[in-house]
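Everything below belongs to work.pdb, which stores PDB, N, CA and C atoms and all ligand atoms.
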ATOM      1  N   MET S   1     116.887  77.723 118.989
ATOM      2  CA  MET S   1     116.442  76.876 117.875
ATOM      3  C   MET S   1     117.090  75.505 118.006
ATOM      4  N   LEU S   2     116.245  74.467 117.946
ATOM      5  CA  LEU S   2     116.740  73.104 118.053
ATOM      6  C   LEU S   2     116.602  72.402 116.717
ATOM      7  N   ASN S   3     117.656  71.724 116.310
ATOM      8  CA  ASN S   3     117.609  70.912 115.099
ATOM      9  C   ASN S   3     117.730  69.455 115.505
ATOM     10  N   LEU S   4     116.663  68.705 115.217
ATOM     11  CA  LEU S   4     116.638  67.305 115.613
ATOM     12  C   LEU S   4     116.546  66.424 114.379
ATOM     13  N   GLN S   5     117.082  65.224 114.514
ATOM     14  CA  GLN S   5     116.938  64.231 113.459
ATOM     15  C   GLN S   5     115.988  63.163 113.994
ATOM     16  N   VAL S   6     114.845  62.980 113.322
ATOM     17  CA  VAL S   6     113.812  62.082 113.824
ATOM     18  C   VAL S   6     113.600  60.941 112.832
ATOM     19  N   GLU S   7     113.691  59.714 113.340
ATOM     20  CA  GLU S   7     113.482  58.533 112.509
ATOM     21  C   GLU S   7     112.050  58.023 112.669
ATOM     22  N   GLY S   8     111.477  57.532 111.581
ATOM     23  CA  GLY S   8     110.207  56.833 111.661
ATOM     24  C   GLY S   8     109.017  57.611 111.148
ATOM     25  N   MET S   9     109.250  58.833 110.645
ATOM     26  CA  MET S   9     108.130  59.602 110.103
ATOM     27  C   MET S   9     107.895  59.180 108.656
ATOM     28  N   THR S  10     106.697  58.675 108.400
ATOM     29  CA  THR S  10     106.444  58.128 107.064
ATOM     30  C   THR S  10     105.327  58.835 106.311
ATOM     31  N   CYS S  11     104.565  59.655 106.966
ATOM     32  CA  CYS S  11     103.443  60.291 106.278
ATOM     33  C   CYS S  11     103.063  61.599 106.950
ATOM     34  N   GLY S  12     102.094  62.254 106.376
ATOM     35  CA  GLY S  12     101.659  63.525 106.921
ATOM     36  C   GLY S  12     101.117  63.396 108.336
ATOM     37  N   HIS S  13     100.537  62.249 108.619
ATOM     38  CA  HIS S  13     100.044  62.032 109.976
ATOM     39  C   HIS S  13     101.197  62.055 110.973
ATOM     40  N   CYS S  14     102.303  61.440 110.607
ATOM     41  CA  CYS S  14     103.480  61.459 111.485
ATOM     42  C   CYS S  14     103.954  62.889 111.721
ATOM     43  N   GLU S  15     103.956  63.691 110.664
ATOM     44  CA  GLU S  15     104.389  65.083 110.809
ATOM     45  C   GLU S  15     103.509  65.796 111.824
ATOM     46  N   ARG S  16     102.207  65.573 111.720
ATOM     47  CA  ARG S  16     101.296  66.244 112.633
ATOM     48  C   ARG S  16     101.449  65.712 114.058
ATOM     49  N   THR S  17     101.695  64.411 114.177
ATOM     50  CA  THR S  17     101.860  63.824 115.509
ATOM     51  C   THR S  17     103.090  64.406 116.204
ATOM     52  N   VAL S  18     104.182  64.529 115.452
ATOM     53  CA  VAL S  18     105.410  65.085 116.026
ATOM     54  C   VAL S  18     105.194  66.550 116.410
ATOM     55  N   THR S  19     104.535  67.287 115.513
ATOM     56  CA  THR S  19     104.270  68.698 115.796
ATOM     57  C   THR S  19     103.413  68.841 117.053
ATOM     58  N   ARG S  20     102.373  68.013 117.134
ATOM     59  CA  ARG S  20     101.480  68.075 118.294
ATOM     60  C   ARG S  20     102.198  67.698 119.586
ATOM     61  N   ALA S  21     103.099  66.721 119.491
ATOM     62  CA  ALA S  21     103.828  66.292 120.690
ATOM     63  C   ALA S  21     104.636  67.440 121.269
ATOM     64  N   VAL S  22     105.263  68.209 120.380
ATOM     65  CA  VAL S  22     106.057  69.345 120.866
ATOM     66  C   VAL S  22     105.134  70.436 121.407
ATOM     67  N   ARG S  23     104.044  70.691 120.680
ATOM     68  CA  ARG S  23     103.132  71.759 121.125
ATOM     69  C   ARG S  23     102.427  71.396 122.426
ATOM     70  N   SER S  24     102.350  70.100 122.725
ATOM     71  CA  SER S  24     101.688  69.702 123.965
ATOM     72  C   SER S  24     102.494  70.158 125.179
ATOM     73  N   ILE S  25     103.799  70.319 125.003
ATOM     74  CA  ILE S  25     104.600  70.804 126.134
ATOM     75  C   ILE S  25     104.971  72.276 125.983
ATOM     76  N   ASP S  26     104.824  72.828 124.783
ATOM     77  CA  ASP S  26     105.008  74.273 124.585
ATOM     78  C   ASP S  26     104.079  74.733 123.460
ATOM     79  N   PRO S  27     102.887  75.207 123.839
ATOM     80  CA  PRO S  27     101.894  75.591 122.826
ATOM     81  C   PRO S  27     102.403  76.673 121.877
ATOM     82  N   ALA S  28     103.409  77.426 122.291
ATOM     83  CA  ALA S  28     103.918  78.509 121.449
ATOM     84  C   ALA S  28     105.049  78.062 120.532
ATOM     85  N   ALA S  29     105.422  76.797 120.623
ATOM     86  CA  ALA S  29     106.561  76.319 119.833
ATOM     87  C   ALA S  29     106.270  76.401 118.337
ATOM     88  N   GLU S  30     107.289  76.790 117.584
ATOM     89  CA  GLU S  30     107.200  76.711 116.128
ATOM     90  C   GLU S  30     107.936  75.457 115.699
ATOM     91  N   VAL S  31     107.236  74.603 114.968
ATOM     92  CA  VAL S  31     107.798  73.314 114.582
ATOM     93  C   VAL S  31     107.766  73.194 113.068
ATOM     94  N   VAL S  32     108.910  72.913 112.490
ATOM     95  CA  VAL S  32     108.985  72.676 111.055
ATOM     96  C   VAL S  32     109.504  71.263 110.846
ATOM     97  N   VAL S  33     108.726  70.450 110.130
ATOM     98  CA  VAL S  33     109.091  69.053 109.897
ATOM     99  C   VAL S  33     109.376  68.844 108.420
ATOM    100  N   ASP S  34     110.552  68.306 108.129
ATOM    101  CA  ASP S  34     110.859  67.867 106.771
ATOM    102  C   ASP S  34     110.942  66.347 106.793
ATOM    103  N   ARG S  35     109.821  65.730 106.393
ATOM    104  CA  ARG S  35     109.698  64.283 106.539
ATOM    105  C   ARG S  35     110.739  63.539 105.706
ATOM    106  N   SER S  36     111.031  64.007 104.503
ATOM    107  CA  SER S  36     111.928  63.256 103.619
ATOM    108  C   SER S  36     113.335  63.161 104.199
ATOM    109  N   SER S  37     113.777  64.193 104.878
ATOM    110  CA  SER S  37     115.116  64.151 105.470
ATOM    111  C   SER S  37     115.082  63.757 106.945
ATOM    112  N   GLY S  38     113.897  63.783 107.555
ATOM    113  CA  GLY S  38     113.782  63.495 108.970
ATOM    114  C   GLY S  38     114.186  64.648 109.857
ATOM    115  N   ARG S  39     114.381  65.798 109.252
ATOM    116  CA  ARG S  39     114.838  66.947 110.044
ATOM    117  C   ARG S  39     113.648  67.672 110.669
ATOM    118  N   VAL S  40     113.772  67.937 111.952
ATOM    119  CA  VAL S  40     112.728  68.674 112.672
ATOM    120  C   VAL S  40     113.377  69.882 113.340
ATOM    121  N   THR S  41     112.868  71.042 113.023
ATOM    122  CA  THR S  41     113.378  72.280 113.601
ATOM    123  C   THR S  41     112.339  72.832 114.561
ATOM    124  N   VAL S  42     112.770  73.119 115.768
ATOM    125  CA  VAL S  42     111.854  73.589 116.798
ATOM    126  C   VAL S  42     112.347  74.923 117.345
ATOM    127  N   GLN S  43     111.469  75.900 117.300
ATOM    128  CA  GLN S  43     111.776  77.189 117.912
ATOM    129  C   GLN S  43     110.958  77.278 119.183
ATOM    130  N   SER S  44     111.665  77.236 120.320
ATOM    131  CA  SER S  44     110.979  77.101 121.591
ATOM    132  C   SER S  44     111.956  77.406 122.705
ATOM    133  N   SER S  45     111.420  77.723 123.864
ATOM    134  CA  SER S  45     112.287  77.916 125.023
ATOM    135  C   SER S  45     112.577  76.595 125.729
ATOM    136  N   LEU S  46     111.986  75.513 125.238
ATOM    137  CA  LEU S  46     112.219  74.198 125.836
ATOM    138  C   LEU S  46     113.650  73.752 125.590
ATOM    139  N   ASP S  47     114.168  72.909 126.502
ATOM    140  CA  ASP S  47     115.483  72.366 126.216
ATOM    141  C   ASP S  47     115.351  71.103 125.357
ATOM    142  N   ALA S  48     116.457  70.723 124.768
ATOM    143  CA  ALA S  48     116.457  69.648 123.776
ATOM    144  C   ALA S  48     115.960  68.330 124.367
ATOM    145  N   ASP S  49     116.306  68.075 125.626
ATOM    146  CA  ASP S  49     115.877  66.819 126.254
ATOM    147  C   ASP S  49     114.366  66.722 126.354
ATOM    148  N   ALA S  50     113.711  67.823 126.723
ATOM    149  CA  ALA S  50     112.257  67.818 126.857
ATOM    150  C   ALA S  50     111.596  67.570 125.509
ATOM    151  N   VAL S  51     112.127  68.207 124.482
ATOM    152  CA  VAL S  51     111.562  68.023 123.142
ATOM    153  C   VAL S  51     111.772  66.586 122.672
ATOM    154  N   ARG S  52     112.957  66.065 122.923
ATOM    155  CA  ARG S  52     113.241  64.698 122.498
ATOM    156  C   ARG S  52     112.304  63.710 123.189
ATOM    157  N   GLN S  53     112.095  63.904 124.481
ATOM    158  CA  GLN S  53     111.215  62.999 125.216
ATOM    159  C   GLN S  53     109.784  63.052 124.684
ATOM    160  N   ALA S  54     109.330  64.262 124.370
ATOM    161  CA  ALA S  54     107.962  64.399 123.860
ATOM    162  C   ALA S  54     107.802  63.656 122.547
ATOM    163  N   ILE S  55     108.794  63.772 121.676
ATOM    164  CA  ILE S  55     108.715  63.111 120.365
ATOM    165  C   ILE S  55     108.848  61.604 120.529
ATOM    166  N   GLU S  56     109.755  61.172 121.377
ATOM    167  CA  GLU S  56     109.954  59.727 121.555
ATOM    168  C   GLU S  56     108.753  59.077 122.224
ATOM    169  N   SER S  57     108.026  59.831 123.042
ATOM    170  CA  SER S  57     106.850  59.263 123.702
ATOM    171  C   SER S  57     105.754  58.941 122.677
ATOM    172  N   GLU S  58     105.862  59.515 121.465
ATOM    173  CA  GLU S  58     104.914  59.185 120.394
ATOM    174  C   GLU S  58     105.413  58.044 119.527
ATOM    175  N   GLY S  59     106.558  57.502 119.855
ATOM    176  CA  GLY S  59     107.047  56.315 119.166
ATOM    177  C   GLY S  59     108.072  56.565 118.075
ATOM    178  N   TYR S  60     108.581  57.772 117.997
ATOM    179  CA  TYR S  60     109.629  58.064 117.009
ATOM    180  C   TYR S  60     110.963  58.111 117.707
ATOM    181  N   ARG S  61     112.011  57.913 116.918
ATOM    182  CA  ARG S  61     113.335  57.900 117.504
ATOM    183  C   ARG S  61     114.064  59.188 117.129
ATOM    184  N   VAL S  62     114.620  59.832 118.131
ATOM    185  CA  VAL S  62     115.404  61.049 117.887
ATOM    186  C   VAL S  62     116.877  60.668 117.976
ATOM    187  N   THR S  63     117.601  60.942 116.912
ATOM    188  CA  THR S  63     119.024  60.546 116.891
ATOM    189  C   THR S  63     119.920  61.771 116.999
TER     190      THR S  63
HETATM  191 CU    CU S 101     102.746  58.536 109.423
END
Translate this structure into C-alpha cells?
Ligand SMILES: [Cu+2]
Amino acid sequence: MLNLQVEGMTCGHCERTVTRAVRSIDPAAEVVVDRSSGRVTVQSSLDADAVRQAIESEGYRVT
C-alpha cells in the first residue's frame, strides 16, 4: 500500500485523471483519492517511483 501526497487536484476531473494514470500502468490497482487533503492511497504491486511518475506525467506534483 502506497500513501502519496499529491498537489494540484482541484476537482472531480483531477481525481479521475490521477486514478486513470495509475490504472494505465496497473489496471488492477485500487486507487483512493481524497482531494481535500491531497492524499492518494494506492494498492498495487507497483513501486512508489512508477506510481509517482505516472501521476506527475499528468501534471500533478507528488510530494
Ligand atoms: Cu480538476
Write out, as a tab-separated table, each residue of chain S that has an atom at most 5 Å from ligand CU 101 (chain S), together with the closest pair of atoms and their distance in Å to one decimal, counting only N, CA and C atoms and all ligand atoms, rows going by chain and rising number.
residue	atom	partner	partner_atom	distance
S:Thr10	C	S:CU101	CU	4.1
S:Cys11	N	S:CU101	CU	3.3
S:Gly12	N	S:CU101	CU	4.9
S:His13	C	S:CU101	CU	4.1
S:Cys14	N	S:CU101	CU	3.2
d(atom CA of Val40 of chain S, atom CA of Ala28 of chain S) in Å: 15.9 Å
If you run DSSP on the backbone here, which positions in chain S get strand (DSSP E)? Please write them as a PyMOL selection string. chain S and resi 2-7+30-34+39-43+61-62
For the residues selected in the previous step, produce a file with N, CA and C atoms as an mmCIF file, in the frame of the given file.
data_model
loop_
_atom_site.group_PDB
_atom_site.id
_atom_site.type_symbol
_atom_site.label_atom_id
_atom_site.label_comp_id
_atom_site.auth_asym_id
_atom_site.auth_seq_id
_atom_site.Cartn_x
_atom_site.Cartn_y
_atom_site.Cartn_z
ATOM 1 N N LEU S 2 116.245 74.467 117.946
ATOM 2 C CA LEU S 2 116.740 73.104 118.053
ATOM 3 C C LEU S 2 116.602 72.402 116.717
ATOM 4 N N ASN S 3 117.656 71.724 116.310
ATOM 5 C CA ASN S 3 117.609 70.912 115.099
ATOM 6 C C ASN S 3 117.730 69.455 115.505
ATOM 7 N N LEU S 4 116.663 68.705 115.217
ATOM 8 C CA LEU S 4 116.638 67.305 115.613
ATOM 9 C C LEU S 4 116.546 66.424 114.379
ATOM 10 N N GLN S 5 117.082 65.224 114.514
ATOM 11 C CA GLN S 5 116.938 64.231 113.459
ATOM 12 C C GLN S 5 115.988 63.163 113.994
ATOM 13 N N VAL S 6 114.845 62.980 113.322
ATOM 14 C CA VAL S 6 113.812 62.082 113.824
ATOM 15 C C VAL S 6 113.600 60.941 112.832
ATOM 16 N N GLU S 7 113.691 59.714 113.340
ATOM 17 C CA GLU S 7 113.482 58.533 112.509
ATOM 18 C C GLU S 7 112.050 58.023 112.669
ATOM 19 N N GLU S 30 107.289 76.790 117.584
ATOM 20 C CA GLU S 30 107.200 76.711 116.128
ATOM 21 C C GLU S 30 107.936 75.457 115.699
ATOM 22 N N VAL S 31 107.236 74.603 114.968
ATOM 23 C CA VAL S 31 107.798 73.314 114.582
ATOM 24 C C VAL S 31 107.766 73.194 113.068
ATOM 25 N N VAL S 32 108.910 72.913 112.490
ATOM 26 C CA VAL S 32 108.985 72.676 111.055
ATOM 27 C C VAL S 32 109.504 71.263 110.846
ATOM 28 N N VAL S 33 108.726 70.450 110.130
ATOM 29 C CA VAL S 33 109.091 69.053 109.897
ATOM 30 C C VAL S 33 109.376 68.844 108.420
ATOM 31 N N ASP S 34 110.552 68.306 108.129
ATOM 32 C CA ASP S 34 110.859 67.867 106.771
ATOM 33 C C ASP S 34 110.942 66.347 106.793
ATOM 34 N N ARG S 39 114.381 65.798 109.252
ATOM 35 C CA ARG S 39 114.838 66.947 110.044
ATOM 36 C C ARG S 39 113.648 67.672 110.669
ATOM 37 N N VAL S 40 113.772 67.937 111.952
ATOM 38 C CA VAL S 40 112.728 68.674 112.672
ATOM 39 C C VAL S 40 113.377 69.882 113.340
ATOM 40 N N THR S 41 112.868 71.042 113.023
ATOM 41 C CA THR S 41 113.378 72.280 113.601
ATOM 42 C C THR S 41 112.339 72.832 114.561
ATOM 43 N N VAL S 42 112.770 73.119 115.768
ATOM 44 C CA VAL S 42 111.854 73.589 116.798
ATOM 45 C C VAL S 42 112.347 74.923 117.345
ATOM 46 N N GLN S 43 111.469 75.900 117.300
ATOM 47 C CA GLN S 43 111.776 77.189 117.912
ATOM 48 C C GLN S 43 110.958 77.278 119.183
ATOM 49 N N ARG S 61 112.011 57.913 116.918
ATOM 50 C CA ARG S 61 113.335 57.900 117.504
ATOM 51 C C ARG S 61 114.064 59.188 117.129
ATOM 52 N N VAL S 62 114.620 59.832 118.131
ATOM 53 C CA VAL S 62 115.404 61.049 117.887
ATOM 54 C C VAL S 62 116.877 60.668 117.976
#
Give me, as a compact mmCIF listing (two decimals) with N, CA and C atoms, in the coordinates of the input, all polymer residues having an atom no more than 6 Å from segment 50-61 of chain S, counting only N, CA and C atoms and skipping those fewer than 6 positions away in the same chain.
# COMPACT_ATOMS: atom_id res chain seq x y z
N GLN S 5 117.08 65.22 114.51
CA GLN S 5 116.94 64.23 113.46
C GLN S 5 115.99 63.16 113.99
N VAL S 6 114.84 62.98 113.32
CA VAL S 6 113.81 62.08 113.82
C VAL S 6 113.60 60.94 112.83
N GLU S 7 113.69 59.71 113.34
CA GLU S 7 113.48 58.53 112.51
C GLU S 7 112.05 58.02 112.67
N GLY S 8 111.48 57.53 111.58
CA GLY S 8 110.21 56.83 111.66
C GLY S 8 109.02 57.61 111.15
N VAL S 18 104.18 64.53 115.45
CA VAL S 18 105.41 65.08 116.03
C VAL S 18 105.19 66.55 116.41
N ALA S 21 103.10 66.72 119.49
CA ALA S 21 103.83 66.29 120.69
C ALA S 21 104.64 67.44 121.27
N VAL S 22 105.26 68.21 120.38
CA VAL S 22 106.06 69.34 120.87
C VAL S 22 105.13 70.44 121.41
Shortest interatomic distance to Asp34 of chain S - which of S:Val62, S:Met9, S:Leu46, S:Thr17, counting only C-alpha atoms: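 Residue with the minimum atom-to-atom distance to Asp34 of chain S: S:Met9.
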If you count all atoms listed in the file, which residues fall within 5 Å of Leu2 of chain S, apart from same-chain ones fewer than 2 positions away, as an MDAnalysis selection string? chainID S and resid 4 41:42
Would you list, as a list in words, the residues of segment 7-62 of chain S that end up in alpha helix (DSSP H) under DSSP run on this structure's backbone? Gly12, His13, Cys14, Glu15, Arg16, Thr17, Val18, Thr19, Arg20, Ala21, Val22, Arg23, Ser24, Ile25, Ala48, Asp49, Ala50, Val51, Arg52, Gln53, Ala54, Ile55 and Glu56 of chain S
Å distance separating atom CA of Ile25 of chain S from atom CA of Ala48 of chain S, one decimal place: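 Calculated distance between atom CA of Ile25 of chain S and atom CA of Ala48 of chain S is 12.1 Å.
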Would you please work out which residue, of S:Thr63, S:Pro27, S:Met1, S:Arg35, is nearest to Glu15 of chain S when using only N, CA and C atoms?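 Among S:Thr63, S:Pro27, S:Met1, S:Arg35, it is S:Arg35 that comes nearest to Glu15 of chain S.
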Write only N, CA and C atoms for segment 41-62 of chain S from the block just shown, as a short mmCIF file (atom, residue, chain, number, x, y, z; two decimals), in the first residue's frame.
data_model
loop_
_atom_site.label_atom_id
_atom_site.label_comp_id
_atom_site.auth_asym_id
_atom_site.auth_seq_id
_atom_site.Cartn_x
_atom_site.Cartn_y
_atom_site.Cartn_z
N THR S 41 -4.14 7.03 -1.94
CA THR S 41 -3.75 5.71 -1.47
C THR S 41 -3.86 4.73 -2.63
N VAL S 42 -2.79 4.00 -2.87
CA VAL S 42 -2.74 3.08 -4.00
C VAL S 42 -2.41 1.68 -3.50
N GLN S 43 -3.27 0.75 -3.85
CA GLN S 43 -2.99 -0.65 -3.54
C GLN S 43 -2.60 -1.32 -4.84
N SER S 44 -1.32 -1.70 -4.93
CA SER S 44 -0.79 -2.15 -6.20
C SER S 44 0.55 -2.81 -5.96
N SER S 45 0.97 -3.62 -6.91
CA SER S 45 2.30 -4.21 -6.81
C SER S 45 3.36 -3.28 -7.39
N LEU S 46 2.94 -2.14 -7.92
CA LEU S 46 3.88 -1.18 -8.48
C LEU S 46 4.73 -0.56 -7.38
N ASP S 47 5.95 -0.14 -7.74
CA ASP S 47 6.72 0.57 -6.73
C ASP S 47 6.37 2.07 -6.76
N ALA S 48 6.74 2.74 -5.70
CA ALA S 48 6.32 4.12 -5.49
C ALA S 48 6.80 5.04 -6.62
N ASP S 49 8.00 4.77 -7.12
CA ASP S 49 8.54 5.62 -8.19
C ASP S 49 7.69 5.55 -9.45
N ALA S 50 7.24 4.35 -9.81
CA ALA S 50 6.43 4.19 -11.01
C ALA S 50 5.11 4.93 -10.86
N VAL S 51 4.51 4.81 -9.69
CA VAL S 51 3.24 5.49 -9.45
C VAL S 51 3.43 7.01 -9.48
N ARG S 52 4.50 7.46 -8.86
CA ARG S 52 4.75 8.90 -8.84
C ARG S 52 4.94 9.44 -10.25
N GLN S 53 5.69 8.72 -11.06
CA GLN S 53 5.93 9.17 -12.43
C GLN S 53 4.63 9.23 -13.23
N ALA S 54 3.78 8.23 -13.03
CA ALA S 54 2.51 8.21 -13.77
C ALA S 54 1.66 9.42 -13.41
N ILE S 55 1.62 9.75 -12.13
CA ILE S 55 0.80 10.88 -11.68
C ILE S 55 1.43 12.19 -12.14
N GLU S 56 2.73 12.30 -12.03
CA GLU S 56 3.39 13.55 -12.43
C GLU S 56 3.30 13.78 -13.93
N SER S 57 3.23 12.70 -14.71
CA SER S 57 3.13 12.86 -16.16
C SER S 57 1.79 13.49 -16.55
N GLU S 58 0.82 13.48 -15.62
CA GLU S 58 -0.47 14.15 -15.87
C GLU S 58 -0.46 15.58 -15.37
N GLY S 59 0.64 16.02 -14.83
CA GLY S 59 0.78 17.42 -14.44
C GLY S 59 0.56 17.72 -12.97
N TYR S 60 0.49 16.70 -12.16
CA TYR S 60 0.34 16.92 -10.71
C TYR S 60 1.68 16.69 -10.05
N ARG S 61 1.82 17.27 -8.86
CA ARG S 61 3.08 17.14 -8.16
C ARG S 61 2.90 16.18 -6.99
N VAL S 62 3.80 15.23 -6.90
CA VAL S 62 3.77 14.28 -5.78
C VAL S 62 4.87 14.70 -4.81
#
